[in-house]
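A.B. asks: Below is the file upload.txt, with compact mmCIF, C-alpha atoms and all ligand atoms.
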# COMPACT_ATOMS: atom_id res chain seq x y z
CA MET A 1 -28.49 -51.98 -66.03
CA PRO A 2 -25.82 -49.61 -64.76
CA ALA A 3 -22.40 -50.68 -66.04
CA CYS A 4 -21.10 -50.52 -62.48
CA ALA A 5 -23.83 -52.86 -61.27
CA SER A 6 -22.09 -55.64 -63.18
CA GLN A 7 -19.03 -55.18 -60.93
CA PRO A 8 -20.38 -56.22 -57.50
CA CYS A 9 -16.97 -57.21 -56.12
CA LEU A 10 -15.55 -53.75 -56.84
CA ARG A 11 -18.65 -52.12 -55.45
CA ARG A 12 -18.21 -53.92 -52.14
CA ALA A 13 -14.52 -53.08 -52.06
CA VAL A 14 -15.10 -49.34 -52.24
CA LYS A 15 -15.88 -47.32 -49.17
CA VAL A 16 -15.95 -43.59 -49.73
CA SER A 17 -14.67 -42.15 -46.50
CA ARG A 18 -15.98 -39.11 -44.74
CA ILE A 19 -13.61 -36.40 -43.62
CA GLN A 20 -11.71 -37.85 -40.68
CA GLU A 21 -10.39 -36.28 -37.51
CA PRO A 22 -6.91 -34.74 -37.73
CA GLU A 23 -4.25 -36.74 -35.89
CA ALA A 24 -3.40 -35.76 -32.34
CA ARG A 25 -1.11 -32.72 -32.53
CA SER A 26 0.35 -30.12 -30.27
CA GLN A 27 -1.55 -27.23 -28.71
CA LYS A 28 -0.77 -23.56 -29.07
CA ILE A 29 -2.20 -20.03 -29.01
CA TYR A 30 -1.85 -18.03 -32.23
CA THR A 31 -2.15 -14.26 -31.98
CA ALA A 32 -2.50 -11.56 -34.66
CA ASP A 33 -3.38 -7.86 -34.91
CA VAL A 34 -6.68 -8.91 -36.43
CA ILE A 35 -8.41 -12.27 -36.35
CA LEU A 36 -11.00 -12.56 -39.12
CA PRO A 37 -13.38 -15.36 -38.13
CA ILE A 38 -15.64 -14.67 -41.20
CA THR A 39 -18.85 -15.84 -39.47
CA SER A 40 -18.48 -13.24 -36.68
CA PRO A 41 -17.00 -9.71 -36.54
CA PRO A 42 -13.23 -9.14 -36.81
CA ILE A 43 -11.33 -9.26 -33.49
CA LYS A 44 -8.66 -6.60 -32.97
CA ASP A 45 -5.62 -7.92 -31.03
CA GLY A 46 -7.13 -11.37 -31.21
CA ALA A 47 -6.03 -14.93 -30.55
CA VAL A 48 -7.00 -18.48 -31.42
CA PHE A 49 -6.34 -21.43 -29.10
CA VAL A 50 -5.65 -24.61 -31.05
CA LYS A 51 -5.41 -28.16 -29.74
CA ASP A 52 -4.96 -31.39 -31.71
CA GLY A 53 -5.56 -29.62 -35.00
CA ARG A 54 -8.87 -28.10 -33.88
CA ILE A 55 -9.91 -24.66 -32.71
CA ILE A 56 -10.65 -24.70 -28.98
CA ALA A 57 -11.32 -21.00 -28.35
CA ILE A 58 -11.16 -17.60 -30.03
CA GLY A 59 -11.12 -14.15 -28.46
CA ASN A 60 -9.10 -11.21 -27.19
CA ARG A 61 -5.37 -11.88 -27.08
CA ASP A 62 -4.72 -10.83 -23.48
CA ASN A 63 -7.79 -12.61 -22.13
CA LEU A 64 -7.07 -15.87 -23.94
CA ILE A 65 -3.42 -15.91 -22.82
CA ALA A 66 -4.41 -15.04 -19.21
CA ALA A 67 -6.93 -17.89 -19.20
CA ASN A 68 -4.33 -20.36 -20.53
CA PRO A 69 -1.03 -19.16 -18.99
CA ASP A 70 0.90 -22.40 -19.57
CA GLU A 71 0.28 -22.61 -23.32
CA ASP A 72 2.85 -21.85 -26.01
CA VAL A 73 2.10 -18.61 -27.86
CA LEU A 74 3.04 -17.89 -31.48
CA GLU A 75 2.65 -14.19 -32.24
CA PHE A 76 2.06 -12.95 -35.77
CA ARG A 77 2.89 -9.23 -35.83
CA ASP A 78 1.53 -6.79 -38.41
CA ALA A 79 -0.67 -9.65 -39.46
CA LEU A 80 -4.25 -10.71 -40.04
CA LEU A 81 -5.20 -14.32 -39.42
CA MET A 82 -8.09 -15.73 -41.42
CA PRO A 83 -9.38 -19.17 -42.42
CA GLY A 84 -7.37 -20.93 -45.12
CA LEU A 85 -8.77 -20.38 -48.61
CA VAL A 86 -10.98 -22.90 -50.41
CA ASN A 87 -10.20 -23.53 -54.08
CA LEU A 88 -13.27 -24.80 -55.95
CA HIS A 89 -11.49 -25.89 -59.11
CA GLY A 90 -7.93 -27.06 -59.66
CA HIS A 91 -5.77 -29.69 -61.32
CA LEU A 92 -2.79 -30.26 -59.02
CA GLU A 93 -1.24 -32.86 -61.32
CA CYS A 94 -0.85 -30.23 -64.08
CA SER A 95 1.34 -28.00 -61.87
CA SER A 96 4.44 -28.48 -64.03
CA PHE A 97 2.65 -27.10 -67.12
CA ASP A 98 3.40 -23.44 -66.41
CA PHE A 99 5.02 -23.23 -69.86
CA LEU A 100 1.50 -23.58 -71.35
CA ALA A 101 0.15 -20.54 -69.47
CA LYS A 102 0.29 -18.17 -72.43
CA PRO A 103 -2.58 -16.44 -74.20
CA ALA A 104 -4.04 -18.83 -76.78
CA PRO A 105 -7.45 -19.73 -78.19
CA PHE A 106 -8.93 -22.58 -76.14
CA PRO A 107 -9.07 -25.23 -78.94
CA LYS A 108 -5.34 -24.70 -79.66
CA TRP A 109 -4.46 -24.67 -75.97
CA ILE A 110 -6.27 -27.93 -75.23
CA THR A 111 -4.45 -29.63 -78.13
CA LYS A 112 -1.14 -28.52 -76.57
CA MET A 113 -2.32 -29.82 -73.18
CA ILE A 114 -3.05 -33.25 -74.67
CA LYS A 115 0.42 -33.30 -76.29
CA ALA A 116 2.20 -32.25 -73.08
CA SER A 117 0.23 -34.84 -71.09
CA SER A 118 1.28 -37.64 -73.44
CA LYS A 119 4.93 -37.05 -72.48
CA MET A 120 4.33 -37.39 -68.73
CA GLN A 121 5.27 -40.52 -66.75
CA ARG A 122 3.52 -41.44 -63.48
CA SER A 123 6.47 -40.13 -61.47
CA ASP A 124 6.17 -36.78 -63.33
CA TRP A 125 2.45 -36.50 -62.49
CA LEU A 126 3.12 -37.25 -58.83
CA ALA A 127 5.98 -34.72 -58.63
CA ALA A 128 3.73 -32.11 -60.28
CA SER A 129 0.89 -32.88 -57.85
CA ARG A 130 3.21 -32.41 -54.86
CA LEU A 131 4.52 -29.17 -56.37
CA GLY A 132 0.91 -28.01 -56.74
CA VAL A 133 0.20 -28.65 -53.05
CA LYS A 134 3.28 -26.56 -52.18
CA ARG A 135 2.01 -23.72 -54.39
CA TYR A 136 -1.42 -23.92 -52.74
CA PHE A 137 0.17 -23.46 -49.33
CA GLU A 138 2.20 -20.49 -50.62
CA ALA A 139 -1.10 -18.95 -51.73
CA GLY A 140 -2.90 -19.59 -48.42
CA ILE A 141 -5.08 -22.33 -49.94
CA THR A 142 -5.82 -25.13 -47.46
CA CYS A 143 -8.82 -26.87 -49.04
CA THR A 144 -9.09 -28.13 -52.57
CA ALA A 145 -11.65 -29.34 -55.08
CA ASP A 146 -9.12 -31.07 -57.27
CA ILE A 147 -9.45 -33.04 -60.48
CA THR A 148 -7.07 -35.91 -61.14
CA ARG A 149 -6.91 -37.99 -64.29
CA THR A 150 -4.09 -40.23 -63.13
CA GLY A 151 -5.34 -40.61 -59.56
CA LEU A 152 -2.00 -39.28 -58.27
CA GLY A 153 -3.66 -36.09 -57.09
CA VAL A 154 -5.33 -38.30 -54.47
CA GLN A 155 -1.92 -39.33 -53.17
CA ALA A 156 -0.55 -35.77 -53.06
CA VAL A 157 -3.60 -34.45 -51.19
CA ALA A 158 -3.55 -37.40 -48.76
CA GLU A 159 0.17 -36.95 -48.04
CA ALA A 160 -0.39 -33.27 -47.32
CA GLY A 161 -3.35 -33.95 -45.04
CA MET A 162 -5.34 -31.40 -47.01
CA PRO A 163 -9.13 -31.51 -46.75
CA GLY A 164 -11.41 -31.22 -49.75
CA ILE A 165 -12.82 -33.29 -52.58
CA VAL A 166 -10.62 -35.08 -55.10
CA TYR A 167 -12.51 -35.90 -58.28
CA LEU A 168 -11.36 -38.81 -60.44
CA GLU A 169 -11.52 -37.57 -64.03
CA ALA A 170 -13.18 -39.42 -66.91
CA VAL A 171 -12.11 -37.98 -70.27
CA ALA A 172 -11.76 -38.96 -73.95
CA ILE A 173 -14.25 -41.81 -73.66
CA ASP A 174 -16.16 -42.76 -76.80
CA ASN A 175 -18.36 -45.76 -77.52
CA ASN A 176 -15.37 -47.80 -78.70
CA ASN A 177 -13.40 -47.63 -75.44
CA LEU A 178 -16.38 -47.34 -73.08
CA ALA A 179 -16.16 -50.81 -71.49
CA ASP A 180 -12.43 -50.47 -70.76
CA ALA A 181 -12.96 -46.94 -69.46
CA VAL A 182 -15.66 -48.06 -67.01
CA VAL A 183 -13.37 -50.76 -65.61
CA ASP A 184 -10.61 -48.15 -65.34
CA ILE A 185 -12.86 -45.72 -63.41
CA LEU A 186 -13.99 -48.45 -61.03
CA GLU A 187 -10.42 -49.62 -60.46
CA ARG A 188 -9.33 -46.03 -59.72
CA ILE A 189 -12.15 -45.70 -57.20
CA LYS A 190 -11.01 -48.94 -55.59
CA SER A 191 -7.33 -47.96 -55.48
CA ALA A 192 -8.19 -44.56 -53.98
CA GLU A 193 -9.67 -46.48 -51.05
CA SER A 194 -6.17 -47.44 -49.93
CA VAL A 195 -5.32 -43.82 -49.12
CA MET A 196 -8.76 -42.58 -48.09
CA HIS A 197 -8.39 -43.85 -44.52
CA PHE A 198 -5.48 -41.55 -43.77
CA GLY A 199 -6.76 -38.61 -45.74
CA TYR A 200 -9.16 -35.88 -44.72
CA PHE A 201 -10.83 -35.62 -48.08
CA LYS A 202 -13.78 -37.08 -49.92
CA LEU A 203 -13.68 -38.73 -53.31
CA GLY A 204 -15.66 -37.39 -56.29
CA LEU A 205 -16.08 -38.05 -60.01
CA SER A 206 -15.38 -35.62 -62.84
CA PRO A 207 -16.70 -36.42 -66.29
CA HIS A 208 -14.46 -33.83 -67.98
CA SER A 209 -17.10 -32.08 -70.12
CA ALA A 210 -20.05 -32.53 -72.47
CA TYR A 211 -17.66 -32.54 -75.45
CA THR A 212 -15.00 -35.05 -74.36
CA LEU A 213 -17.23 -38.05 -73.57
CA SER A 214 -19.89 -39.81 -75.61
CA GLU A 215 -23.49 -39.71 -74.38
CA SER A 216 -23.22 -43.30 -73.20
CA ALA A 217 -20.06 -42.47 -71.25
CA LEU A 218 -21.73 -39.46 -69.63
CA LYS A 219 -24.73 -41.62 -68.65
CA VAL A 220 -22.39 -44.20 -67.09
CA CYS A 221 -20.67 -41.42 -65.11
CA ALA A 222 -24.07 -40.29 -63.78
CA GLN A 223 -24.81 -43.88 -62.72
CA ILE A 224 -21.42 -44.40 -61.05
CA SER A 225 -21.76 -41.08 -59.23
CA LYS A 226 -25.18 -42.11 -57.91
CA GLU A 227 -24.16 -45.68 -57.10
CA TYR A 228 -21.09 -44.72 -55.08
CA GLY A 229 -22.32 -41.39 -53.72
CA LEU A 230 -19.54 -39.49 -55.50
CA PRO A 231 -20.07 -35.71 -55.90
CA LEU A 232 -19.60 -34.36 -59.42
CA SER A 233 -17.46 -31.71 -61.05
CA ILE A 234 -17.69 -30.93 -64.78
CA HIS A 235 -16.14 -28.26 -67.03
CA LEU A 236 -19.33 -26.56 -68.20
CA ALA A 237 -19.99 -23.79 -70.74
CA GLU A 238 -16.33 -22.83 -70.69
CA THR A 239 -16.11 -21.73 -74.33
CA ARG A 240 -18.29 -20.67 -77.22
CA ALA A 241 -16.81 -23.63 -79.14
CA GLU A 242 -18.32 -26.02 -76.55
CA LEU A 243 -21.75 -24.42 -76.97
CA GLU A 244 -21.46 -24.61 -80.77
CA LEU A 245 -20.45 -28.25 -80.68
CA ILE A 246 -23.25 -29.43 -78.38
CA ARG A 247 -26.03 -27.17 -79.72
CA ASP A 248 -25.18 -27.03 -83.43
CA GLY A 249 -22.69 -29.88 -84.00
CA SER A 250 -20.20 -27.40 -85.46
CA GLY A 251 -17.28 -25.14 -84.55
CA PRO A 252 -13.56 -25.59 -83.81
CA LEU A 253 -14.00 -28.25 -81.11
CA ALA A 254 -16.44 -30.18 -83.29
CA SER A 255 -13.89 -30.47 -86.09
CA THR A 256 -11.16 -31.74 -83.74
CA ILE A 257 -12.01 -33.51 -80.45
CA GLY A 258 -15.71 -33.98 -81.26
CA ARG A 259 -15.04 -35.67 -84.59
CA ARG A 260 -12.32 -37.88 -83.10
CA LEU A 261 -14.72 -39.12 -80.41
CA GLU A 262 -17.55 -39.51 -82.97
CA LEU A 263 -19.89 -37.57 -80.68
CA GLU A 264 -23.63 -37.98 -81.22
CA ALA A 265 -24.07 -34.18 -81.23
CA ILE A 266 -21.98 -34.00 -84.42
CA LYS A 267 -23.63 -36.95 -86.16
CA SER A 268 -27.08 -35.44 -85.51
CA LYS A 269 -25.89 -31.94 -86.51
CA GLY A 270 -26.40 -30.66 -82.99
CA SER A 271 -28.59 -31.50 -80.01
CA SER A 272 -30.40 -28.12 -80.13
CA LYS A 273 -29.61 -27.92 -76.42
CA THR A 274 -27.14 -25.87 -74.45
CA PRO A 275 -24.43 -27.94 -72.70
CA THR A 276 -26.31 -27.42 -69.40
CA GLU A 277 -29.61 -28.68 -70.85
CA PHE A 278 -27.78 -31.53 -72.55
CA LEU A 279 -26.09 -32.68 -69.32
CA ASP A 280 -29.32 -32.24 -67.38
CA GLY A 281 -30.96 -34.68 -69.79
CA LEU A 282 -28.25 -37.19 -68.79
CA ALA A 283 -28.90 -36.72 -65.02
CA LEU A 284 -25.61 -34.89 -64.43
CA ILE A 285 -26.95 -31.59 -63.09
CA ASN A 286 -27.68 -31.96 -59.40
CA LYS A 287 -26.88 -30.61 -55.95
CA SER A 288 -23.48 -32.32 -55.80
CA LEU A 289 -22.26 -30.64 -59.01
CA VAL A 290 -19.54 -28.00 -59.06
CA ALA A 291 -19.60 -26.76 -62.66
CA ALA A 292 -16.26 -25.21 -63.58
CA HIS A 293 -16.12 -21.91 -65.56
CA GLY A 294 -19.77 -21.27 -66.54
CA VAL A 295 -18.83 -18.52 -69.00
CA TRP A 296 -21.37 -19.29 -71.73
CA LEU A 297 -24.37 -19.96 -69.51
CA SER A 298 -27.66 -18.49 -70.72
CA GLU A 299 -30.17 -17.05 -68.27
CA GLY A 300 -32.18 -20.26 -68.74
CA ASP A 301 -29.08 -22.33 -67.88
CA ILE A 302 -28.49 -20.27 -64.74
CA LYS A 303 -32.11 -20.79 -63.66
CA LEU A 304 -31.77 -24.53 -64.34
CA LEU A 305 -28.55 -24.79 -62.30
CA LYS A 306 -30.19 -22.85 -59.48
CA LYS A 307 -33.30 -25.08 -59.61
CA LYS A 308 -31.09 -28.17 -59.31
CA ASN A 309 -29.04 -26.59 -56.48
CA ALA A 310 -25.79 -26.96 -58.45
CA SER A 311 -22.85 -24.55 -57.98
CA VAL A 312 -20.33 -22.85 -60.26
CA ALA A 313 -16.57 -22.42 -59.81
CA LEU A 314 -15.61 -19.20 -61.57
CA CYS A 315 -12.09 -19.07 -63.04
CA PRO A 316 -11.65 -15.48 -64.36
CA THR A 317 -7.89 -15.62 -64.95
CA SER A 318 -8.03 -18.90 -66.85
CA ASN A 319 -10.91 -17.61 -69.00
CA GLU A 320 -9.03 -14.38 -69.69
CA LEU A 321 -5.80 -16.16 -70.73
CA LEU A 322 -7.57 -18.50 -73.13
CA GLY A 323 -9.92 -15.85 -74.50
CA SER A 324 -12.95 -17.85 -73.33
CA GLY A 325 -15.00 -14.81 -72.32
CA GLU A 326 -16.46 -13.41 -69.11
CA ALA A 327 -18.89 -15.28 -66.87
CA PRO A 328 -22.26 -13.50 -66.30
CA VAL A 329 -21.65 -13.01 -62.57
CA ASN A 330 -24.42 -10.40 -62.33
CA GLN A 331 -26.91 -13.02 -63.55
CA PHE A 332 -25.61 -15.52 -60.99
CA ILE A 333 -26.30 -12.98 -58.25
CA LYS A 334 -29.69 -12.02 -59.72
CA HIS A 335 -30.86 -15.66 -59.66
CA GLY A 336 -29.15 -16.65 -56.41
CA LEU A 337 -26.89 -19.27 -58.03
CA ARG A 338 -24.17 -20.47 -55.64
CA PHE A 339 -20.65 -19.82 -56.83
CA GLY A 340 -17.07 -19.62 -55.66
CA PHE A 341 -13.67 -19.33 -57.32
CA GLY A 342 -11.16 -21.74 -58.78
CA THR A 343 -7.56 -21.28 -59.78
CA ASP A 344 -7.87 -23.93 -62.51
CA SER A 345 -4.46 -25.44 -63.33
CA ILE A 346 -1.25 -23.50 -63.64
CA ALA A 347 -1.37 -24.32 -67.37
CA SER A 348 -3.99 -21.56 -67.73
CA ASN A 349 -3.39 -19.48 -64.60
CA PRO A 350 0.17 -18.43 -63.79
CA ASP A 351 -1.10 -16.35 -60.82
CA PHE A 352 -2.68 -19.24 -58.91
CA ASP A 353 -4.15 -16.68 -56.53
CA LEU A 354 -7.74 -16.72 -55.17
CA PHE A 355 -7.52 -13.09 -53.98
CA ILE A 356 -6.90 -12.07 -57.58
CA GLU A 357 -9.78 -14.25 -58.82
CA ALA A 358 -12.16 -12.54 -56.36
CA ARG A 359 -10.86 -9.11 -57.38
CA LYS A 360 -11.33 -9.88 -61.08
CA ALA A 361 -14.91 -11.04 -60.47
CA ARG A 362 -15.55 -7.71 -58.78
CA MET A 363 -14.25 -5.89 -61.85
CA LEU A 364 -16.48 -8.03 -64.08
CA LEU A 365 -19.47 -7.15 -61.92
CA ALA A 366 -18.66 -3.45 -62.09
CA LYS A 367 -18.53 -3.72 -65.88
CA GLN A 368 -21.69 -5.81 -66.17
CA THR A 369 -23.77 -3.65 -63.84
CA GLY A 370 -22.23 -0.28 -64.80
CA VAL A 371 -22.27 0.92 -61.20
CA LYS A 372 -19.60 2.58 -59.07
CA LYS A 373 -17.21 0.47 -57.02
CA ASN A 374 -18.99 1.08 -53.73
CA GLN A 375 -22.33 0.04 -55.29
CA ILE A 376 -21.21 -3.30 -56.72
CA PRO A 377 -23.76 -5.92 -55.59
CA LEU A 378 -21.07 -8.05 -53.96
CA SER A 379 -19.30 -6.37 -51.05
CA PRO A 380 -15.67 -7.11 -50.14
CA GLU A 381 -17.02 -9.08 -47.15
CA GLU A 382 -19.22 -11.21 -49.43
CA LEU A 383 -16.30 -11.78 -51.81
CA ILE A 384 -14.04 -12.99 -48.99
CA LYS A 385 -16.85 -15.31 -47.90
CA THR A 386 -16.92 -16.81 -51.40
CA ILE A 387 -13.30 -17.95 -51.02
CA THR A 388 -13.83 -19.25 -47.46
CA ILE A 389 -17.13 -20.25 -45.83
CA LYS A 390 -19.35 -20.13 -48.93
CA ALA A 391 -16.90 -22.29 -50.89
CA ALA A 392 -16.82 -24.71 -47.95
CA GLU A 393 -20.64 -24.83 -48.13
CA VAL A 394 -20.47 -25.68 -51.83
CA LEU A 395 -18.25 -28.69 -51.00
CA GLY A 396 -20.42 -29.72 -48.05
CA LEU A 397 -17.52 -29.05 -45.65
CA SER A 398 -18.71 -25.93 -43.82
CA SER A 399 -19.11 -27.79 -40.51
CA GLU A 400 -15.37 -28.54 -40.71
CA LEU A 401 -13.75 -25.46 -42.19
CA GLY A 402 -14.21 -22.10 -43.92
CA SER A 403 -14.43 -19.98 -40.74
CA ILE A 404 -12.68 -19.66 -37.38
CA GLU A 405 -15.02 -21.20 -34.84
CA PRO A 406 -14.49 -23.57 -31.90
CA GLY A 407 -14.63 -27.19 -33.06
CA LYS A 408 -13.53 -26.50 -36.64
CA ARG A 409 -10.20 -27.45 -38.20
CA ALA A 410 -7.34 -25.07 -37.43
CA ASP A 411 -6.56 -24.23 -41.07
CA PHE A 412 -5.43 -20.61 -41.40
CA ALA A 413 -3.79 -18.12 -43.74
CA VAL A 414 -1.72 -15.35 -42.12
CA ILE A 415 -1.72 -12.15 -44.17
CA ASP A 416 0.44 -9.00 -43.94
CA TYR A 417 -1.59 -6.23 -42.29
CA ASP A 418 -0.29 -2.83 -41.28
CA ASN A 419 -1.99 -2.11 -37.98
CA ARG A 420 -0.79 1.52 -37.98
CA GLN A 421 -3.16 2.38 -40.82
CA PRO A 422 -6.17 0.31 -39.92
CA ILE A 423 -8.80 -0.06 -42.60
CA ASP A 424 -11.71 -2.43 -42.89
CA PRO A 425 -10.04 -5.86 -43.07
CA TYR A 426 -12.35 -7.10 -45.85
CA ASN A 427 -11.57 -4.02 -47.96
CA HIS A 428 -7.88 -4.54 -47.30
CA LEU A 429 -8.04 -8.16 -48.50
CA ILE A 430 -9.92 -7.29 -51.69
CA GLU A 431 -8.07 -4.05 -52.52
CA LYS A 432 -4.49 -4.81 -51.54
CA VAL A 433 -3.77 -8.45 -50.92
CA SER A 434 -2.37 -11.08 -53.26
CA LYS A 435 -0.70 -14.39 -52.54
CA SER A 436 2.63 -12.62 -51.96
CA SER A 437 0.99 -11.12 -48.83
CA VAL A 438 0.60 -14.61 -47.31
CA SER A 439 3.32 -14.94 -44.65
CA ASN A 440 2.29 -18.27 -43.11
CA THR A 441 -0.15 -21.05 -43.86
CA ILE A 442 -1.34 -23.35 -41.09
CA LEU A 443 -2.94 -26.74 -41.67
CA ALA A 444 -4.54 -28.60 -38.75
CA GLY A 445 -2.67 -26.35 -36.32
CA GLU A 446 0.77 -26.83 -37.89
CA VAL A 447 2.68 -24.26 -39.95
CA VAL A 448 3.06 -25.81 -43.43
CA TYR A 449 4.34 -22.64 -45.16
CA LYS A 450 6.46 -19.79 -43.83
CA ARG A 451 7.56 -17.08 -46.24
CA SER A 452 11.36 -16.80 -46.30
ZN ZN B 501 -10.18 -27.17 -65.27
Written as structure tokens, how would this file's structure read?
C.D. replies:
Amino acid sequence: MPACASQPCLRRAVKVSRIQEPEARSQKIYTADVILPITSPPIKDGAVFVKDGRIIAIGNRDNLIAANPDEDVLEFRDALLMPGLVNLHGHLECSSFDFLAKPAPFPKWITKMIKASSKMQRSDWLAASRLGVKRYFEAGITCTADITRTGLGVQAVAEAGMPGIVYLEAVAIDNNNLADAVVDILERIKSAESVMHFGYFKLGLSPHSAYTLSESALKVCAQISKEYGLPLSIHLAETRAELELIRDGSGPLASTIGRRLELEAIKSKGSSKTPTEFLDGLALINKSLVAAHGVWLSEGDIKLLKKKNASVALCPTSNELLGSGEAPVNQFIKHGLRFGFGTDSIASNPDFDLFIEARKARMLLAKQTGVKKNQIPLSPEELIKTITIKAAEVLGLSSELGSIEPGKRADFAVIDYDNRQPIDPYNHLIEKVSKSSVSNTILAGEVVYKRS
């Protein structure tokens, strides 16, 4: 019997909300030298008409203003206006851990993370989560796939009115604390309900990884996810140490975290499976899954993820800082595996910049394929799609956001763009832009960040 099935009262109490309509807001026309709708060609001297947080119309600046002469107009000069960016993997509540963002081997880094976390009070986690939201806006990020252990990430995202998925994290669960941990997860789902009705996000579940929960705990997470319809996010194949622990029952994570949690993979001297195969055997690889990192995926793993319609959130900067390795992006493309980019937490990514993540993936591809820049099998346009519309598709939110189209949310990033030297806007974004180029961020039609 699923552990959660023994909690019928909690089950009834939980209602996982769908994305709700933004509140009634003002109406306005935003203009820019270039509007980049993503799903249609760029519009030179363009404009977007926004009403009540939604896009009403998009087109030529002069025509749109002439058709709506009484509307307020906000002009962005020397600017490109594009959809807000979609972050496929983050931990807002870790946003005060920038002191940990130094090169270190992963097993050492995660031990420091656990130590730093033990010193945090609830008020600290909430303050960090709010700080993280502020940093997202500074970076043009308006949609998040965020993981929260304390549940306070839910509050920060709800307060900000940010759309996305907030995954409640399950971590450090062994067979000794399993019963208490299940009650804790169910209570966190229930308490999240109190803020869901004024948020624009969906709730998800994040069993942290194959190496920080016992097999029984992972099975329970699969059952809770199914029972409550919660999409999944898991750190998967992030390090060689993870692969060694699950496959062989050895390595630096086996001798620390794995031993402490008395994992079955260590007792049996390895499962002889990759982490992906191992999790698939526990019903955790499915269409709802966003697997974070995916550095040590074999070709067989990539085929398996593709077969199950799962997606990967690549985190190149985080992997680089912790010496985790380089994800086989060329294999992802070869097998048609869906992927996007994640900042991860500031504890392993001081940049916190999705433009840089996309640029680094392009460099990885150039290295892995050995071709010239203009022959890389992922064009600048495709790369920009992976941090907007394609990432929205991964989260099941592409009918709401990820492109500038009538009916969608008015979530935008305004980027510096010198109209006197016009170049292809996609090339400009991939070659030149970083988060410091973001001059304004707009959420549901309201400016939530303006560079000083
Ligand atoms: Zn992470």
A.B. asks: Quick one: of A:Asp344, A:Glu244, A:Asp98, A:Glu71, who's nearest to ligand ZN 501 (chain B), counting only C-alpha atoms and all ligand atoms?
C.D. replies: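 Ranked by minimum distance to ligand ZN 501 (chain B), first place goes to A:Asp344.
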A.B. asks: Between A:Ala310, A:Leu322, A:Ile346, A:Ile246, which one has atoms that come closest to Pro105 of chain A, using all atoms listed in the file?
C.D. replies: A:Leu322
A.B. asks: Produce a table with one row for each residue of chain A that has an atom at most 10 Å from any atom of ligand ZN 501 (chain B), each row naming the nearest atom pair and its distance in Å at one decimal; use all atoms listed in the file; arrange rows by chain and rising residue number; format as a tab-separated table.
C.D. replies:
residue	atom	partner	partner_atom	distance
A:His89	CA	B:ZN501	ZN	6.4
A:Gly90	CA	B:ZN501	ZN	6.0
A:His91	CA	B:ZN501	ZN	6.4
A:Cys94	CA	B:ZN501	ZN	9.9
A:Asp146	CA	B:ZN501	ZN	9.0
A:Ile147	CA	B:ZN501	ZN	7.6
A:His208	CA	B:ZN501	ZN	8.4
A:Ser209	CA	B:ZN501	ZN	9.8
A:Ser233	CA	B:ZN501	ZN	9.6
A:Ile234	CA	B:ZN501	ZN	8.4
A:His235	CA	B:ZN501	ZN	6.3
A:Leu236	CA	B:ZN501	ZN	9.6
A:Glu238	CA	B:ZN501	ZN	9.3
A:Ala291	CA	B:ZN501	ZN	9.8
A:Ala292	CA	B:ZN501	ZN	6.6
A:His293	CA	B:ZN501	ZN	7.9
A:Ala313	CA	B:ZN501	ZN	9.7
A:Cys315	CA	B:ZN501	ZN	8.6
A:Ser318	CA	B:ZN501	ZN	8.7
A:Gly342	CA	B:ZN501	ZN	8.5
A:Thr343	CA	B:ZN501	ZN	8.5
A:Asp344	CA	B:ZN501	ZN	4.8
A:Ser345	CA	B:ZN501	ZN	6.3
A:Ile346	CA	B:ZN501	ZN	9.8
A:Ala347	CA	B:ZN501	ZN	9.5
A:Ser348	CA	B:ZN501	ZN	8.7
A.B. asks: With all atoms listed in the file as the atoms that count, which of A:Met162, A:Ile387, A:Leu321, A:Val414 lies nearest to Pro103 of chain A?
C.D. replies: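 The shortest atom-to-atom distance to Pro103 of chain A comes from A:Leu321.
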A.B. asks: If we count only C-alpha atoms, what is near Val438 of chain A at a cut-off of 7 Å, once residues fewer than 4 positions away on the same chain are taken out, given as a list in words?
C.D. replies: Glu138, Ala139, Gly140, Ala413, Val414, Ile415 and Asp416 of chain A
A.B. asks: Counting all atoms listed in the file, which residue out of A:Tyr228, A:Tyr211, A:Phe97, A:Trp296 sits closest to Gly258 of chain A?
C.D. replies: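 The closest residue to Gly258 of chain A is A:Tyr211.
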A.B. asks: Report, in Å to a single decimal, how far apart atom CA of Leu279 of chain A and atom CA of Leu205 of chain A are.
C.D. replies: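 If I compute the distance from atom CA of Leu205 of chain A to atom CA of Leu279 of chain A, I get 14.7 Å.
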A.B. asks: Interatomic distance between atom CA of Met82 of chain A and atom CA of Asn330 of chain A?
C.D. replies: 27.1 Å
A.B. asks: Tell me, in Å to one decimal, how far atom CA of Pro231 of chain A is from atom CA of Lys308 of chain A.
C.D. replies: 13.8 Å
A.B. asks: Can you pull out the residues contacting segment 40-44 of chain A? Cut-off 12 Å, using all atoms listed in the file, and skip same-chain residues under 3 positions away; I want them as a PyMOL selection string.
C.D. replies: chain A and resi 31-37+47-48+58-62+78-82+381+385+389+403-405+417+419+422-426
A.B. asks: Env of Ala265 of chain A: 12 Å cut, atoms = all atoms listed in the file, seq-sep filter 4 positions within chain, self excluded. Answer as a PyMOL selection string.
C.D. replies: chain A and resi 210-215+242-251+253-255+258-259+261+269-275+278
A.B. asks: Counting all atoms listed in the file, which residue out of A:Ser268, A:Thr369, A:Ser216, A:Gln375 sits closest to Asn175 of chain A?
C.D. replies: A:Ser216
A.B. asks: Taking only C-alpha atoms into account, name the residue in A:Leu92, A:Phe137, A:Ala158, A:Ala222 that is nearest to Glu193 of chain A.
C.D. replies: A:Ala158
A.B. asks: Please return as a ChimeraX atom specification every residue within 8 Å of (-19.5, -44.8, -68.1), taking into account all atoms listed in the file and the file's own coordinates.
C.D. replies: /A:3,178-179,181-182,216-224
